[in-house]
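Down below is the structure, laid out as structure tokens.
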Amino acid sequence: MIITDELLSAYLDGELSVEEIAEIAAEIEKSPELANRIEIMRLNDKSIAQAYHSIDSKPMPDSIMTMLEDFPESQKKALPFRKKSSFRTEAPIWQMAMAATILLFIGFGAGRTLMPANTTKDTASEQVIAQQNSGIIGPENALYAVLENQPSASSFALSANNDAIITPSMTFRTNENIYCREYSVTTQKSSTQNVACRVENTWVVKISVGTTGKVLPEDGTYQTASQMDNSAITAVIKELMAGDALSADDEVKIIKQNWQQK
Amino acid sequence: MNNNAEQWRDHIVALLPRLRRYCFSLTGSAPDADDLLQNTIEKALSKYDQFEQGTDLDRWMFRMCKNLWIDEWRSRRVRGDSVDPMDYKNEPWIDGEDILVNKLKMSEVRSAMNKLQDEQRVIIFLVAIEGYSYKEASIFLDIPLGTVMSRLARARKALEQLLTPPDLDIQRNPL
């Protein structure tokens with residue numbers, strides 16, 4: 001059998017018939033060169049996916065959220081410039097309300113500490129909250145189902161009101177073979193980056209770093225942190241992670257297996 | 001409140017992460033990606049009235065996005081601005097990402113992707129980044145299945161040549 005680039009590429013994507021897969025697998029068995037090449041292709045794919053999924057961890061720009069939130073009302077107005085009311089009269093869909101974050105923190109359990117990080121530049125409008133070992137997320141917590149079932153890089157609205165958008169960004173394993181997930185909780189007005197590990201059918205939050213803010217009284221505008229300081233998160237991940245992050249496929253597999261290794 | 005319009009918007013909201021990665025794959029730079037995403041959303045919302053029910057919203061948005069990027073790319077060239085989006089030094093947020101892929105690898109990957117032909121980059125985006133099946137990609141791009149296969153194979157071959165071969169011994173180590 002002549003192994004063309006097309007066949008090899010389709011083999012990688014699992015897009016061949018059972019017979020073709022068997023034939024190619026046999027060829028790969030015989031040829032270390034071919035095995036090497038398929039491995040390189042697989043790793044290239046993995047690097048590419050990771051490189052482009054990296055943007056997922058950056059909070060979605062507020063301007064885009066506001067634009068969507070104001071639709072369709074914004075389109076009905078004939079005025080070229082829409083005058084924004086200082087006070088919102090209805091709950092916005094992208095209400096990443098501080099309340100959502102606070103609620104979430106409460107959900108993490110007692111004994112939490114809130115400490116403004118040293119990196120905060122403008123304490124009048126934003127506050128960085130970092131907390132470690134912030135609690136346990138059990139099945140009664142809405143976040144539990146998201147961590148259990150949602151693949152990385154796909155978002156999930158936590159409540160029916162789209163109060164908070166949860167986006168798992170990656171899954172990794174520790175030296176003790178415990179699975180951990182990094183995820184963000186984003187509302188229009190606040191955002192947290194978190195790491196939780198799965199211990200005995202619950203998720204234990206290892207760290208939660210967030211930005212919240214308060215409405216500036218003079219014009220009702222809201223200022224969120226333009227970017228979060230993720231160094232604390234990075235440090236925790238570095239400490240915990242053994243090897244690479246799970247690939248999308250491996251992640252789906254372990255979710256299907258209810259996080260049990262076979 | 002217009003329920004249809006709201007549903008339509010919610011569909012766009014659901015599409016955001018994917019569309020954003022698409023912008024990233026087109027522009028190769030995160031700030032450019034968010035600018036492009038913003039322009040795309042703005043344009044889409046303004047064209048709601050022209051959107052025909054039954055049109056595939058995903059394809060409609062992706063096409064709009066791509067056209068906007070081509071416009072931007074052209075105007076940058078006319079202005080004499082750099083069209084090379086590889087300015088990673090201006091992306092401070094990327095510091096937190098070195099866990100996933102080290103920074104060098106990431107810029108190498110994006111640099112390689114930017115050297116691909118457009119149609120190759122798009123097929124890699126759909127299949128390798130977004131996990132589309134060949135059939136889904138063929139419907140999305142409106143091309144035959146065989147073309148998906150050959151285009152993807154050519155793109156992967158090109159990437160093999162553009163990227164430094166990974167150190168397999170290190171990568172194969174079990175966790």
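Identifiers for the structure tokens are assigned positionally: chains receive A, B, ... in sequence, residues are indexed from 1 per chain, and ligands are indexed from 1 in the order shown.
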(message) Please list as JSON, numbers by chain every residue within 10 Å of segment 124-129 of chain B, counting only C-alpha atoms and excluding residues in the same chain fewer than 3 positions away.
(response) {"A": [13, 42, 44, 45, 46, 47, 48, 49, 50, 51, 52, 53, 248], "B": [18, 21, 22, 25, 26, 113, 116, 118, 119, 120, 121, 132, 133, 134, 136, 137, 140, 141, 148, 151, 152, 153, 155, 156, 159]}
(message) Taking only C-alpha atoms into account and nothing else, which residues of chain A lie no more than 7 Å away from chain B? Please answer as a ChimeraX atom specification.
(response) /A:5-6,9-10,40-41,45,47-56,64,68,72,75,227,230-231,234,242-243,245
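With only C-alpha atoms as the atoms that count, the residue of A:Ala25, A:Leu147, A:Ala35, A:Ala142 with the shortest distance to Ile255 of chain A is A:Leu147.
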(request) One decimal, Å: what's the distance from atom CA of Ile165 of chain A over to atom CA of Met60 of chain A, could you say? (result) 10.7 Å
(request) Step one, run DSSP on the backbone; step two, keep only residues of segment 10-72 of chain B assigned to alpha helix (DSSP H); then write them as a PyMOL selection string. (result) chain B and resi 10-27+30-46+57-72
